[in-house]
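Peer 1: Contents of upload-v3.cif (mmCIF, C-alpha atoms):
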```
data_run
loop_
_atom_site.label_atom_id
_atom_site.label_comp_id
_atom_site.auth_asym_id
_atom_site.auth_seq_id
_atom_site.Cartn_x
_atom_site.Cartn_y
_atom_site.Cartn_z
CA MET A 1 0.00 0.00 0.00
CA PRO A 2 1.49 3.38 -0.96
CA LYS A 3 2.28 5.96 1.69
CA LEU A 4 0.00 8.51 0.01
CA SER A 5 -3.00 7.83 -2.17
CA PHE A 6 -2.25 10.55 -4.72
CA ILE A 7 1.46 10.12 -5.57
CA SER A 8 3.95 7.27 -5.69
CA ASP A 9 6.29 6.42 -2.82
CA PHE A 10 9.19 7.27 -5.13
CA ASP A 11 7.92 10.83 -5.64
CA PHE A 12 7.10 11.34 -1.96
CA ASP A 13 10.56 10.15 -0.93
CA ARG A 14 12.05 12.40 -3.61
CA ALA A 15 10.28 15.40 -2.09
CA LEU A 16 11.39 14.47 1.43
CA ASN A 17 14.98 13.96 0.31
CA HIS A 18 14.93 17.41 -1.24
CA VAL A 19 14.15 18.93 2.15
CA THR A 20 16.61 16.80 4.12
CA GLN A 21 19.27 17.92 1.68
CA ALA A 22 19.36 21.02 3.91
CA ILE A 23 21.55 18.87 6.19
CA ASP A 24 24.04 18.31 3.37
CA ASP A 25 24.02 22.05 2.62
CA ALA A 26 24.72 22.77 6.29
CA LEU A 27 27.67 20.36 6.24
CA ILE A 28 29.10 22.20 3.23
CA TYR A 29 28.60 25.43 5.18
CA GLU A 30 30.52 23.92 8.10
CA GLN A 31 33.38 22.86 5.81
CA SER A 32 33.59 26.38 4.39
CA VAL A 33 34.06 27.76 7.91
CA LYS A 34 36.75 25.18 8.68
CA ALA A 35 38.62 25.98 5.46
CA ALA A 36 38.39 29.73 6.06
CA ILE A 37 39.80 29.36 9.57
CA GLU A 38 42.63 27.17 8.31
CA ASN A 39 43.44 29.84 5.70
CA ASP A 40 43.20 32.61 8.31
CA ASP A 41 40.44 34.30 6.29
CA ILE A 42 37.18 33.83 8.17
CA PHE A 43 35.44 36.36 5.93
CA SER A 44 35.76 34.00 2.95
CA SER A 45 33.44 31.50 4.63
CA ARG A 46 29.77 31.06 3.78
CA LEU A 47 28.90 32.83 7.01
CA PHE A 48 29.65 36.05 5.16
CA SER A 49 28.41 35.06 1.68
CA ASN A 50 25.62 37.61 2.25
CA SER A 51 26.38 40.86 4.03
CA ILE A 52 25.81 40.91 7.76
CA ASP A 53 24.57 44.18 9.21
CA PRO A 54 27.41 45.29 11.53
CA ILE A 55 25.22 47.73 13.46
CA SER A 56 22.58 45.09 14.11
CA MET A 57 25.36 42.66 15.07
CA ARG A 58 26.92 45.05 17.60
CA ILE A 59 23.57 45.91 19.18
CA GLY A 60 22.54 42.25 19.21
CA MET A 61 25.73 41.26 20.95
CA GLY A 62 25.20 44.04 23.49
CA LEU A 63 21.62 42.98 24.20
CA SER A 64 22.52 39.32 24.64
CA SER A 65 26.12 38.14 24.26
CA ASP A 66 28.67 37.67 21.50
CA VAL A 67 28.14 33.91 21.41
CA ALA A 68 24.35 34.16 21.65
CA TRP A 69 24.18 36.53 18.68
CA LEU A 70 26.56 34.40 16.64
CA SER A 71 24.55 31.28 17.44
CA ALA A 72 21.30 32.95 16.38
CA GLU A 73 22.83 34.23 13.12
CA ILE A 74 24.29 30.86 12.14
CA LYS A 75 21.02 29.06 12.88
CA ARG A 76 19.09 31.72 10.96
CA GLN A 77 21.25 31.14 7.89
CA LEU A 78 21.04 27.35 8.10
CA TYR A 79 17.28 27.34 8.62
CA LYS A 80 16.74 29.86 5.80
CA THR A 81 17.98 27.21 3.36
CA TYR A 82 15.64 24.68 4.96
CA GLU A 83 12.65 27.05 4.75
CA GLN A 84 13.29 27.60 1.04
CA LYS A 85 13.23 23.86 0.46
CA ILE A 86 9.83 23.54 2.17
CA GLY A 87 8.16 25.54 -0.62
CA GLU A 88 9.96 23.40 -3.20
CA PHE A 89 8.81 20.30 -1.30
CA HIS A 90 5.16 21.16 -1.97
CA GLN A 91 5.95 21.91 -5.60
CA ILE A 92 7.58 18.50 -6.08
CA ILE A 93 4.65 16.69 -4.44
CA LEU A 94 1.89 18.50 -6.33
CA GLY A 95 3.80 18.32 -9.59
CA SER A 96 3.93 14.53 -9.19
CA VAL A 97 0.14 14.10 -9.12
CA ASP A 98 -1.23 12.39 -12.22
CA GLY A 99 -2.28 14.98 -14.78
CA TRP A 100 0.02 17.69 -13.40
CA MET A 101 3.53 18.92 -14.17
CA ASP A 102 6.18 20.55 -12.01
CA LEU A 103 7.51 23.19 -14.38
CA GLY A 104 10.64 23.68 -12.28
CA VAL A 105 12.94 26.60 -13.04
CA GLY A 106 13.36 28.22 -16.43
CA ASP A 107 10.09 27.12 -18.03
CA ASP A 108 8.71 29.50 -20.66
CA GLN A 109 5.52 29.98 -18.64
CA LYS A 110 7.63 31.03 -15.62
CA VAL A 111 5.19 29.50 -13.12
CA ASP A 112 5.53 26.51 -10.81
CA LEU A 113 2.79 24.05 -11.71
CA CYS A 114 0.61 23.30 -14.69
CA LYS A 115 -2.20 20.89 -15.42
CA GLU A 116 -1.17 18.73 -18.38
CA ASP A 117 -4.13 19.92 -20.44
CA GLU A 118 -2.93 23.51 -19.81
CA THR A 119 -6.24 24.60 -18.26
CA VAL A 120 -4.80 25.48 -14.83
CA TYR A 121 -1.53 27.15 -13.86
CA ILE A 122 -0.31 27.70 -10.30
CA GLU A 123 2.32 30.01 -8.84
CA LEU A 124 2.97 28.31 -5.51
CA LYS A 125 4.33 29.76 -2.27
CA ASN A 126 4.67 28.13 1.12
CA LYS A 127 3.48 31.12 3.17
CA PHE A 128 1.25 34.10 2.46
CA ASN A 129 3.94 36.51 3.65
CA THR A 130 6.59 35.05 1.33
CA CYS A 131 5.64 37.83 -1.09
CA ASN A 132 5.97 41.50 -0.18
CA SER A 133 3.82 43.97 -2.10
CA ASP A 134 6.31 44.35 -4.97
CA ALA A 135 6.81 40.59 -5.30
CA LEU A 136 3.06 40.03 -5.20
CA LEU A 137 2.53 42.57 -7.98
CA SER A 138 5.16 40.72 -10.01
CA VAL A 139 3.28 37.43 -9.47
CA GLU A 140 0.02 39.06 -10.52
CA ASN A 141 1.49 40.56 -13.68
CA LYS A 142 3.11 37.26 -14.59
CA LEU A 143 -0.16 35.40 -14.24
CA LEU A 144 -2.10 38.04 -16.17
CA LYS A 145 0.36 37.83 -19.08
CA LEU A 146 -0.01 34.06 -19.05
CA LEU A 147 -3.80 34.35 -19.18
CA ASP A 148 -3.53 36.64 -22.20
CA LYS A 149 -1.70 33.82 -24.00
CA LYS A 150 -3.96 31.06 -22.65
CA PRO A 151 -7.60 32.15 -23.11
CA LEU A 152 -8.99 28.84 -21.81
CA ALA A 153 -6.80 28.65 -18.70
CA THR A 154 -7.27 29.69 -15.08
CA ALA A 155 -4.25 30.94 -13.14
CA TYR A 156 -3.80 30.72 -9.38
CA TRP A 157 -1.62 32.39 -6.83
CA ALA A 158 -1.55 29.63 -4.19
CA PHE A 159 -0.02 29.43 -0.73
CA ILE A 160 -0.12 26.65 1.84
CA VAL A 161 0.09 28.64 5.10
CA PRO A 162 -2.28 31.65 5.35
CA THR A 163 -2.10 34.54 7.80
CA THR A 164 -5.84 35.01 8.16
CA LYS A 165 -8.43 33.16 10.21
CA LEU A 166 -9.74 31.66 6.95
CA ARG A 167 -7.71 28.44 7.04
CA GLN A 168 -8.47 27.42 3.47
CA GLY A 169 -10.20 28.93 0.48
CA ASN A 170 -10.48 29.50 -3.25
CA THR A 171 -11.63 32.85 -4.60
CA LEU A 172 -11.22 35.40 -7.35
CA TRP A 173 -8.15 37.57 -6.85
CA TYR A 174 -8.46 41.35 -7.04
CA LYS A 175 -6.28 43.08 -9.59
CA SER A 176 -3.99 45.48 -7.71
CA GLY A 177 -5.41 48.95 -7.21
CA LYS A 178 -8.59 48.19 -9.13
CA LYS A 179 -12.10 47.21 -8.14
CA GLU A 180 -12.79 44.71 -10.89
CA LYS A 181 -11.67 41.09 -10.76
CA HIS A 182 -10.25 39.06 -13.59
CA PRO A 183 -12.63 36.12 -14.13
CA ARG A 184 -9.75 33.63 -14.54
CA LEU A 185 -7.32 34.97 -11.94
CA ARG A 186 -7.77 33.29 -8.57
CA LYS A 187 -6.03 32.58 -5.31
CA ALA A 188 -6.21 29.42 -3.22
CA TRP A 189 -4.77 28.68 0.19
CA GLY A 190 -4.43 26.07 2.91
CA ALA A 191 -5.71 22.55 2.35
CA GLU A 192 -7.64 23.86 -0.66
CA VAL A 193 -4.39 23.98 -2.68
CA TYR A 194 -3.94 20.22 -2.33
CA ARG A 195 -7.63 19.64 -3.06
CA LEU A 196 -7.36 21.77 -6.20
CA VAL A 197 -4.62 19.53 -7.58
CA THR A 198 -5.62 16.11 -6.23
CA GLY A 199 -9.41 16.41 -6.05
CA ASP A 200 -9.22 15.08 -2.47
CA ASN A 201 -10.30 17.27 0.46
CA ASN A 202 -8.05 15.31 2.83
CA ALA A 203 -4.89 15.20 0.70
CA LEU A 204 -2.89 17.75 2.71
CA HIS A 205 -3.84 16.11 6.02
CA GLU A 206 -2.95 12.70 4.61
CA MET A 207 0.52 13.96 3.70
CA TYR A 208 0.90 15.72 7.06
CA SER A 209 0.01 12.52 8.93
CA GLU A 210 2.60 10.50 7.02
CA LEU A 211 5.50 12.93 7.53
CA GLU A 212 6.68 11.77 10.95
CA ASN A 213 6.73 8.09 10.03
CA SER A 214 8.58 8.65 6.76
CA LEU A 215 11.08 11.05 8.28
CA GLN A 216 11.94 8.53 10.99
CA LYS A 217 12.78 5.98 8.31
CA ASN A 218 14.85 8.48 6.30
CA ARG A 219 16.50 10.32 9.21
CA LYS A 220 20.05 11.48 8.56
CA SER A 221 22.82 10.91 11.09
CA ASP A 222 23.29 14.65 11.63
CA ASN A 223 20.94 17.56 12.27
CA LEU A 224 20.90 21.34 11.82
CA ASP A 225 21.24 22.22 15.49
CA ALA A 226 24.24 19.92 16.01
CA ILE A 227 25.95 21.34 12.93
CA ALA A 228 25.26 24.89 14.11
CA GLU A 229 26.79 24.17 17.52
CA ARG A 230 29.93 22.78 15.88
CA ILE A 231 30.25 25.88 13.72
CA ILE A 232 29.86 28.12 16.77
CA ALA A 233 32.65 26.20 18.51
CA LEU A 234 34.87 26.61 15.44
CA LEU A 235 34.33 30.37 15.48
CA ALA A 236 34.98 30.89 19.17
CA GLY A 237 38.51 32.15 18.52
CA ASP A 238 37.43 34.53 15.74
CA ILE A 239 34.65 36.49 17.43
CA GLU A 240 36.86 39.45 18.33
CA LYS A 241 38.28 39.56 14.81
CA ILE A 242 34.78 39.54 13.37
CA LYS A 243 33.73 42.39 15.67
CA GLU A 244 36.78 44.46 14.76
CA GLU A 245 36.72 43.98 10.98
CA ILE A 246 33.15 43.40 9.85
CA PHE A 247 32.24 47.11 9.77
CA TYR A 248 35.03 47.88 7.30
CA ARG A 249 34.27 44.81 5.23
CA THR A 250 30.60 45.68 4.74
CA VAL A 251 29.82 49.41 4.95
CA ALA A 252 33.13 51.32 4.84
CA ASP A 253 36.07 51.24 2.43
CA ASN A 254 38.90 51.97 4.81
CA THR A 255 39.75 51.82 8.46
CA PRO A 256 39.95 55.27 10.12
CA GLU A 257 43.30 57.03 9.97
#
```
Please go through the file and, once you have read it, give me the structure as structure tokens.
Peer 2:
Amino acid sequence: MPKLSFISDFDFDRALNHVTQAIDDALIYEQSVKAAIENDDIFSSRLFSNSIDPISMRIGMGLSSDVAWLSAEIKRQLYKTYEQKIGEFHQIILGSVDGWMDLGVGDDQKVDLCKEDETVYIELKNKFNTCNSDALLSVENKLLKLLDKKPLATAYWAFIVPTTKLRQGNTLWYKSGKKEKHPRLRKAWGAEVYRLVTGDNNALHEMYSELENSLQKNRKSDNLDAIAERIIALLAGDIEKIKEEIFYRTVADNTPE
């Protein structure tokens, strides 16, 4: 008997493995810190691959402690990768349902999911607040352009986790700044997104109920918190150097004369 009624075990395991790959990414992150320390160039590590706000860092260290701030920043970076993979997890699962396609990255339609008969397109997000106002306008414009090319299709902006008390729903989506609604532009959220694709009202709950059992069977030998703690220990001797140099490596060209 398959784990889920609406996709194969192979596809479900593939989606889970995509998320647990966050552990492998964290191990690569750890190795980058080790290599940077060995080369006496901590700022070449992945810890600093994106700029860290030195003012926020200094205040954060003052409000808690140097180690506490560093621990929070490392865990934030590691879990950010994990959170990104959660949205992709849903895309892999829903794109594996019979009659649907995961369009992946780089497809001409530039959306996430498509019904094979090209009557429904979905731009999928994990959380409602994944999109700020500018990003949401970009999603809307993308879907409207698609509808111009596909006169028989309906396009959805869909998100799994809503921020309102309406836990699930499916409704017309207002065009930004205008009172009228496009008759084929909709939004769906919560368990309704899985129902839209699978036709089963209980599909999201079915997947949710299976997660713990499947993750236990596919558990990796390491975890994000353990990796974070090892990275923090590696950096213990570089905290003062980070505090002294980060300002001039992020927001100023030269040290003061």
Peer 1: Just say which residues the PyMOL selection byres ((chain A and resi 249) around 12) picks in this file, as an mmCIF file with C-alpha atoms, in the coordinates of the input.
Peer 2:
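Saved the output as out_25.cif:
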```cif
data_model
loop_
_atom_site.group_PDB
_atom_site.id
_atom_site.type_symbol
_atom_site.label_atom_id
_atom_site.label_comp_id
_atom_site.auth_asym_id
_atom_site.auth_seq_id
_atom_site.Cartn_x
_atom_site.Cartn_y
_atom_site.Cartn_z
ATOM 1 C CA ILE A 42 37.180 33.830 8.170
ATOM 2 C CA PHE A 43 35.440 36.360 5.930
ATOM 3 C CA SER A 44 35.760 34.000 2.950
ATOM 4 C CA PHE A 48 29.650 36.050 5.160
ATOM 5 C CA SER A 49 28.410 35.060 1.680
ATOM 6 C CA ASN A 50 25.620 37.610 2.250
ATOM 7 C CA SER A 51 26.380 40.860 4.030
ATOM 8 C CA ILE A 52 25.810 40.910 7.760
ATOM 9 C CA ASP A 53 24.570 44.180 9.210
ATOM 10 C CA PRO A 54 27.410 45.290 11.530
ATOM 11 C CA LYS A 241 38.280 39.560 14.810
ATOM 12 C CA ILE A 242 34.780 39.540 13.370
ATOM 13 C CA LYS A 243 33.730 42.390 15.670
ATOM 14 C CA GLU A 244 36.780 44.460 14.760
ATOM 15 C CA GLU A 245 36.720 43.980 10.980
ATOM 16 C CA ILE A 246 33.150 43.400 9.850
ATOM 17 C CA PHE A 247 32.240 47.110 9.770
ATOM 18 C CA TYR A 248 35.030 47.880 7.300
ATOM 19 C CA THR A 250 30.600 45.680 4.740
ATOM 20 C CA VAL A 251 29.820 49.410 4.950
ATOM 21 C CA ALA A 252 33.130 51.320 4.840
ATOM 22 C CA ASP A 253 36.070 51.240 2.430
ATOM 23 C CA ASN A 254 38.900 51.970 4.810
ATOM 24 C CA THR A 255 39.750 51.820 8.460
#
```
Peer 1: Using Å and a single decimal, report how far CA of Asp225 in chain A sits from CA of Ile74 in chain A.
Peer 2: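 Atom-to-atom, CA of Ile74 in chain A to CA of Asp225 in chain A, that is 9.8 Å.
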Peer 1: I'd like the residues picked by the PyMOL selection byres ((chain A and resi 140-155) around 9) written out as an mmCIF file with C-alpha atoms, keeping the file's coordinate frame, using the chain letters and numbers from the file.
Peer 2:
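Okay, this is what ended up in result16.cif:
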```cif
data_model
loop_
_atom_site.group_PDB
_atom_site.id
_atom_site.type_symbol
_atom_site.label_atom_id
_atom_site.label_comp_id
_atom_site.auth_asym_id
_atom_site.auth_seq_id
_atom_site.Cartn_x
_atom_site.Cartn_y
_atom_site.Cartn_z
ATOM 1 C CA GLN A 109 5.520 29.980 -18.640
ATOM 2 C CA LYS A 110 7.630 31.030 -15.620
ATOM 3 C CA VAL A 111 5.190 29.500 -13.120
ATOM 4 C CA GLU A 118 -2.930 23.510 -19.810
ATOM 5 C CA THR A 119 -6.240 24.600 -18.260
ATOM 6 C CA VAL A 120 -4.800 25.480 -14.830
ATOM 7 C CA TYR A 121 -1.530 27.150 -13.860
ATOM 8 C CA ILE A 122 -0.310 27.700 -10.300
ATOM 9 C CA GLU A 123 2.320 30.010 -8.840
ATOM 10 C CA ALA A 135 6.810 40.590 -5.300
ATOM 11 C CA LEU A 136 3.060 40.030 -5.200
ATOM 12 C CA LEU A 137 2.530 42.570 -7.980
ATOM 13 C CA SER A 138 5.160 40.720 -10.010
ATOM 14 C CA VAL A 139 3.280 37.430 -9.470
ATOM 15 C CA TYR A 156 -3.800 30.720 -9.380
ATOM 16 C CA TRP A 157 -1.620 32.390 -6.830
ATOM 17 C CA LYS A 175 -6.280 43.080 -9.590
ATOM 18 C CA SER A 176 -3.990 45.480 -7.710
ATOM 19 C CA HIS A 182 -10.250 39.060 -13.590
ATOM 20 C CA PRO A 183 -12.630 36.120 -14.130
ATOM 21 C CA ARG A 184 -9.750 33.630 -14.540
ATOM 22 C CA LEU A 185 -7.320 34.970 -11.940
ATOM 23 C CA ARG A 186 -7.770 33.290 -8.570
ATOM 24 C CA LYS A 187 -6.030 32.580 -5.310
#
```
Peer 1: So which residues touch range 27-39 of chain A within 10 Å, counting all atoms listed in the file, skipping near sequence neighbours fewer than 4 positions away, as a PyMOL selection string?
Peer 2: chain A and resi 21-23+43-48+74+77-78+222-224+227-228+230-232+234-235+237-238
Peer 1: Measuring between all atoms listed in the file, which one of A:Leu16, A:Leu113, A:Leu63, A:Ala233 shows the shortest distance to Tyr208 in chain A?
Peer 2: A:Leu16
Peer 1: Please indicate the distance in Å from CA of Ala26 in chain A to CA of Ile86 in chain A, rounded to one decimal place.
Peer 2: 15.5 Å
Peer 1: Rounded to one decimal place, report the CA of Leu94 in chain A-CA of Thr198 in chain A distance in Å.
Peer 2: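 Between these atoms lies a distance of 7.9 Å.
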Peer 1: Go through A:Thr171, A:Asn17, A:Asn213, A:Asn202 and flag the residue nearest Glu88 in chain A, using all atoms listed in the file for the distances.
Peer 2: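 Under the stated criterion, the closest residue is A:Asn17.
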Peer 1: Which one of A:Val19, A:Val67, A:Cys114, A:Leu172 sits closest to Thr81 in chain A if you count all atoms listed in the file?
Peer 2: A:Val19
Peer 1: Pick from A:Phe128, A:Tyr82, A:Tyr194, A:Trp100: nearest to Asp24 in chain A, with all atoms listed in the file counted?
Peer 2: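 Of the candidates, the smallest distance to Asp24 in chain A is held by A:Tyr82.
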Peer 1: What does the PyMOL selection byres ((chain A and resi 7-10) around 12) select in this file, as a VMD selection string?
Peer 2: chain A and resid 1 to 6 11 to 17 92 to 100 194 197 to 198 203 206 to 207 210 214
